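**Q** Have a look at this one before I ask anything.
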Amino acid sequence: MTRTPKVYRPTAVLRAAMRAACVLLAGAGAWAGEGRQAERGLVVPELDLEVWVSTSLRLSEAHTEMYSSRLLDLARELFGAKGKPEKELKGRPTWCVTLDHTGSIELGSRALIRKTRGRVLQGGALAGGGEERRWVMPVRRRCKILFAIYKRVGEDYISRVRFSVKEPQGWDEELHGGVAVASAIRMAGEAKPKCPLSREAARERALMAIEPPRGRIKSELCHRLFDMRIVQLADVKGVVLKRRQRLGLYLAHVSVHNTTPWYLHQFRGRHCGSCRGTDGVYCAVLDFRGTIPPGRKQLVPCRTTDYEGDGEPPRGAITDVVWSLKGER
């Protein structure tokens, strides 16, 4: 039985339709009024694409505006868009991508002290024993990105790809449980320094430091859009492994499924996962240059190592992604 494709009219897309004329003229814009600059748009003529990003965060008006701007930067990096379109499109774009940021971020009321003891850097050189003190505002992030690709058919939008990813923590949040607002060096024997910022000033500085971790989000989106899987492992001589062997270094083939409507020509990065027929977790280092048409799969040869860490392996960064609309770079 043939399934009828689902037709959606998402809120962001409907708003985009009403503002299409403005977007085509400006290329990228911030919309005031309801949501206080929470929604922004971008047109990528090279991919026949319009992108809409939005956030539900309301920590402050300035922070909401900054956060939506950073999400737009994320979309620009992901699709290789320029600041403004070089030429106007004839009519509405065929494709529409939405990135809806939802959830909440809790910010602590007072800074916590994080200490690093040992030799300290002072005046550009390593000094004697002491400690570096950092004042960190606690942050608790409970957010996700709802990502979707739609194809415009008349006045309706047919869903092509839909998924959600949990927004990862920033580096400071992962290491210190929050964002640093001030720091000071204390040499051995010196008095303990106090935080140089008032509680209000520390909160304002922390707010502007809470940004979407664009590199990590981009990698999460790319892993879902490319749907990578390790399908074969071999030793350095090319002999295919049929059982678990801890060799340290392997030759591997990673299946890359381009789930987007655009041609994929290039990307670099890492993919960690298991391989059918063997146990354990492996990390593949990929440097792809070629062409994978929309909806097609391709085996990409690469070098792979055993994953030695504890817990869930990291996704690994994905960079240098290159797309095209018709397979011509």
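Numbering starts fresh at 1 for the residues of each chain in the structure tokens, the chains themselves are lettered A, B, ... in the order given, and ligands are numbered from 1 as they appear.
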Could you list, as an NGL selection string, every residue within 7 Å of range 291-294 of chain A, counting only C-alpha atoms and ignoring same-chain residues fewer than 4 positions away?
**A** :A and (258-265 or 298)
**Q** Would you return as a list in words the members of range 186-268 of chain A that DSSP assigns to alpha helix (DSSP H) on this structure's backbone?
**A** Arg199, Glu200, Ala201, Ala202, Arg203, Glu204, Arg205, Ala206, Leu207, Met208, Ala209, Arg214, Gly215, Arg216, Ile217, Lys218, Ser219, Glu220, Leu221, Cys222, His223, Arg224, Leu225 and Phe226 of chain A
**Q** Which residue, A:Leu249, A:Val256, A:Met187, A:Ala111, has the smallest gap to Glu200 in chain A when you use only C-alpha atoms?
**A**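 That would be A:Ala111, the residue with the smallest distance to Glu200 in chain A.
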**Q** For range 310-326 of chain A, please output as a JSON list (two decimals) with N, CA and C atoms, in the first residue's frame all residues within 7 Å (counting only C-alpha atoms; exclusion window: fewer than 2 positions along the same chain).
**A**
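What ended up in selection.json:
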```json
[["chain", "number", "residue", "atom", "x", "y", "z"],
["A", 46, "GLU", "N", 21.72, 29.59, -3.71],
["A", 46, "GLU", "CA", 22.45, 28.49, -4.35],
["A", 46, "GLU", "C", 21.78, 27.14, -4.12],
["A", 47, "LEU", "N", 21.01, 27.02, -3.04],
["A", 47, "LEU", "CA", 20.33, 25.75, -2.73],
["A", 47, "LEU", "C", 18.81, 25.86, -2.91],
["A", 215, "GLY", "N", 29.18, 24.65, 17.17],
["A", 215, "GLY", "CA", 29.93, 23.54, 16.60],
["A", 215, "GLY", "C", 29.35, 22.20, 16.97],
["A", 216, "ARG", "N", 28.96, 22.03, 18.23],
["A", 216, "ARG", "CA", 28.40, 20.76, 18.68],
["A", 216, "ARG", "C", 27.02, 20.51, 18.08],
["A", 219, "SER", "N", 27.42, 19.49, 14.44],
["A", 219, "SER", "CA", 27.84, 18.10, 14.30],
["A", 219, "SER", "C", 26.68, 17.13, 14.54],
["A", 222, "CYS", "N", 24.52, 17.21, 11.43],
["A", 222, "CYS", "CA", 25.16, 16.53, 10.30],
["A", 222, "CYS", "C", 25.13, 15.02, 10.46],
["A", 262, "TRP", "N", 19.81, 17.87, -1.30],
["A", 262, "TRP", "CA", 20.93, 18.49, -2.00],
["A", 262, "TRP", "C", 22.07, 17.50, -2.19],
["A", 263, "TYR", "N", 22.94, 17.78, -3.15],
["A", 263, "TYR", "CA", 24.12, 16.95, -3.38],
["A", 263, "TYR", "C", 25.16, 17.27, -2.32],
["A", 264, "LEU", "N", 25.75, 16.23, -1.74],
["A", 264, "LEU", "CA", 26.78, 16.37, -0.73],
["A", 264, "LEU", "C", 28.13, 16.13, -1.39],
["A", 265, "HIS", "N", 29.04, 17.12, -1.30],
["A", 265, "HIS", "CA", 30.33, 17.03, -1.99],
["A", 265, "HIS", "C", 31.52, 16.87, -1.05],
["A", 266, "GLN", "N", 31.41, 17.37, 0.16],
["A", 266, "GLN", "CA", 32.59, 17.37, 1.01],
["A", 266, "GLN", "C", 32.20, 17.50, 2.47],
["A", 267, "PHE", "N", 32.93, 16.81, 3.34],
["A", 267, "PHE", "CA", 32.86, 17.04, 4.78],
["A", 267, "PHE", "C", 34.05, 16.35, 5.44],
["A", 268, "ARG", "N", 34.40, 16.82, 6.61],
["A", 268, "ARG", "CA", 35.47, 16.23, 7.41],
["A", 268, "ARG", "C", 34.96, 16.04, 8.83],
["A", 269, "GLY", "N", 35.52, 15.05, 9.53],
["A", 269, "GLY", "CA", 35.11, 14.87, 10.91],
["A", 269, "GLY", "C", 35.32, 13.45, 11.40],
["A", 270, "ARG", "N", 34.64, 13.13, 12.51],
["A", 270, "ARG", "CA", 34.76, 11.81, 13.12],
["A", 270, "ARG", "C", 33.37, 11.23, 13.35],
["A", 271, "HIS", "N", 33.31, 9.90, 13.32],
["A", 271, "HIS", "CA", 32.07, 9.19, 13.65],
["A", 271, "HIS", "C", 32.42, 8.03, 14.57],
["A", 272, "CYS", "N", 31.79, 7.98, 15.74],
["A", 272, "CYS", "CA", 32.01, 6.90, 16.70],
["A", 272, "CYS", "C", 30.77, 6.00, 16.73],
["A", 308, "GLU", "N", 38.50, 4.25, 23.53],
["A", 308, "GLU", "CA", 39.00, 3.82, 24.83],
["A", 308, "GLU", "C", 38.30, 4.50, 26.01],
["A", 328, "GLU", "N", 26.71, 20.31, -9.19],
["A", 328, "GLU", "CA", 27.85, 21.04, -9.75],
["A", 328, "GLU", "C", 28.38, 21.97, -8.67],
["A", 329, "ARG", "N", 29.65, 21.84, -8.36],
["A", 329, "ARG", "CA", 30.26, 22.66, -7.32],
["A", 329, "ARG", "C", 30.67, 24.03, -7.88]]
```
**Q** Got a sec to tell me which of range 77-221 of chain A DSSP assigns to strand (DSSP E), as a VMD selection string?
**A** chain A and resid 95 to 107 112 to 122 125 to 153 156 to 166 178 to 187
**Q** Please, could you write that set of residues out with C-alpha atoms as a PDB file, in the first residue's frame?
**A**
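selection30.pdb written:
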```pdb
ATOM      1  CA  TRP A  95      12.865  24.156   0.027  1.00  0.00           C
ATOM      2  CA  CYS A  96      12.396  25.381   3.566  1.00  0.00           C
ATOM      3  CA  VAL A  97      14.403  24.466   6.672  1.00  0.00           C
ATOM      4  CA  THR A  98      13.230  25.305  10.183  1.00  0.00           C
ATOM      5  CA  LEU A  99      15.319  25.234  13.368  1.00  0.00           C
ATOM      6  CA  ASP A 100      13.043  25.738  16.361  1.00  0.00           C
ATOM      7  CA  HIS A 101      14.898  26.050  19.652  1.00  0.00           C
ATOM      8  CA  THR A 102      12.682  25.131  22.607  1.00  0.00           C
ATOM      9  CA  GLY A 103      13.175  24.505  26.300  1.00  0.00           C
ATOM     10  CA  SER A 104      14.617  26.470  29.196  1.00  0.00           C
ATOM     11  CA  ILE A 105      17.941  27.550  30.663  1.00  0.00           C
ATOM     12  CA  GLU A 106      18.228  28.100  34.412  1.00  0.00           C
ATOM     13  CA  LEU A 107      20.833  30.543  35.666  1.00  0.00           C
ATOM     14  CA  LEU A 112      30.533  29.656  42.682  1.00  0.00           C
ATOM     15  CA  ILE A 113      34.318  29.488  43.059  1.00  0.00           C
ATOM     16  CA  ARG A 114      36.355  26.998  41.048  1.00  0.00           C
ATOM     17  CA  LYS A 115      40.056  26.678  42.004  1.00  0.00           C
ATOM     18  CA  THR A 116      43.038  25.350  40.073  1.00  0.00           C
ATOM     19  CA  ARG A 117      46.144  24.925  42.221  1.00  0.00           C
ATOM     20  CA  GLY A 118      49.780  24.608  41.113  1.00  0.00           C
ATOM     21  CA  ARG A 119      52.129  26.822  39.152  1.00  0.00           C
ATOM     22  CA  VAL A 120      50.239  29.801  37.774  1.00  0.00           C
ATOM     23  CA  LEU A 121      50.671  32.004  34.750  1.00  0.00           C
ATOM     24  CA  GLN A 122      51.283  35.616  35.697  1.00  0.00           C
ATOM     25  CA  ALA A 125      55.264  33.601  32.384  1.00  0.00           C
ATOM     26  CA  LEU A 126      54.921  30.700  34.789  1.00  0.00           C
ATOM     27  CA  ALA A 127      55.265  31.918  38.347  1.00  0.00           C
ATOM     28  CA  GLY A 128      55.609  30.001  41.616  1.00  0.00           C
ATOM     29  CA  GLY A 129      52.956  28.069  43.491  1.00  0.00           C
ATOM     30  CA  GLY A 130      49.486  29.523  43.804  1.00  0.00           C
ATOM     31  CA  GLU A 131      46.009  29.110  42.427  1.00  0.00           C
ATOM     32  CA  GLU A 132      43.720  30.487  39.784  1.00  0.00           C
ATOM     33  CA  ARG A 133      40.235  31.344  40.989  1.00  0.00           C
ATOM     34  CA  ARG A 134      37.271  31.437  38.643  1.00  0.00           C
ATOM     35  CA  TRP A 135      33.847  32.705  39.556  1.00  0.00           C
ATOM     36  CA  VAL A 136      31.273  30.619  37.711  1.00  0.00           C
ATOM     37  CA  MET A 137      27.549  31.247  37.446  1.00  0.00           C
ATOM     38  CA  PRO A 138      25.749  27.859  37.491  1.00  0.00           C
ATOM     39  CA  VAL A 139      23.816  27.010  34.331  1.00  0.00           C
ATOM     40  CA  ARG A 140      21.287  24.238  33.785  1.00  0.00           C
ATOM     41  CA  ARG A 141      20.360  23.767  30.126  1.00  0.00           C
ATOM     42  CA  ARG A 142      17.197  21.837  29.178  1.00  0.00           C
ATOM     43  CA  CYS A 143      16.776  22.585  25.495  1.00  0.00           C
ATOM     44  CA  LYS A 144      16.401  20.852  22.163  1.00  0.00           C
ATOM     45  CA  ILE A 145      16.472  21.768  18.491  1.00  0.00           C
ATOM     46  CA  LEU A 146      13.509  20.739  16.330  1.00  0.00           C
ATOM     47  CA  PHE A 147      14.921  20.439  12.805  1.00  0.00           C
ATOM     48  CA  ALA A 148      12.825  19.967   9.681  1.00  0.00           C
ATOM     49  CA  ILE A 149      13.178  20.137   5.893  1.00  0.00           C
ATOM     50  CA  TYR A 150      10.022  20.900   3.901  1.00  0.00           C
ATOM     51  CA  LYS A 151       9.280  20.988   0.190  1.00  0.00           C
ATOM     52  CA  ARG A 152       6.878  23.674  -0.974  1.00  0.00           C
ATOM     53  CA  VAL A 153       4.030  22.362  -3.102  1.00  0.00           C
ATOM     54  CA  ASP A 156       1.449  23.550   1.398  1.00  0.00           C
ATOM     55  CA  TYR A 157       4.675  22.113   2.754  1.00  0.00           C
ATOM     56  CA  ILE A 158       5.454  18.389   2.496  1.00  0.00           C
ATOM     57  CA  SER A 159       7.701  17.071   5.249  1.00  0.00           C
ATOM     58  CA  ARG A 160      10.963  15.643   3.911  1.00  0.00           C
ATOM     59  CA  VAL A 161      13.021  15.298   7.115  1.00  0.00           C
ATOM     60  CA  ARG A 162      11.963  15.834  10.743  1.00  0.00           C
ATOM     61  CA  PHE A 163      13.893  15.095  13.941  1.00  0.00           C
ATOM     62  CA  SER A 164      14.978  16.656  17.208  1.00  0.00           C
ATOM     63  CA  VAL A 165      18.372  16.774  18.928  1.00  0.00           C
ATOM     64  CA  LYS A 166      19.157  17.625  22.515  1.00  0.00           C
ATOM     65  CA  GLY A 178      28.351  27.010  34.379  1.00  0.00           C
ATOM     66  CA  VAL A 179      29.916  30.013  32.653  1.00  0.00           C
ATOM     67  CA  ALA A 180      32.915  31.938  33.990  1.00  0.00           C
ATOM     68  CA  VAL A 181      32.264  35.614  34.753  1.00  0.00           C
ATOM     69  CA  ALA A 182      35.596  36.599  36.385  1.00  0.00           C
ATOM     70  CA  SER A 183      38.988  35.192  37.363  1.00  0.00           C
ATOM     71  CA  ALA A 184      41.965  36.136  39.520  1.00  0.00           C
ATOM     72  CA  ILE A 185      45.447  34.811  40.311  1.00  0.00           C
ATOM     73  CA  ARG A 186      46.371  34.251  43.973  1.00  0.00           C
ATOM     74  CA  MET A 187      50.003  33.613  44.794  1.00  0.00           C
TER      75      MET A 187
END
```
**Q** Report, in Å with one decimal, the straight-line distance from CA of Ser68 in chain A to CA of Arg224 in chain A.
**A**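 Here the two named atoms are 22.2 Å from each other.
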**Q** At what distance in Å, to one decimal, does CA of Ser255 in chain A lie from CA of Met228 in chain A?
**A**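 So the two atoms, CA of Met228 in chain A and CA of Ser255 in chain A, lie 5.5 Å apart.
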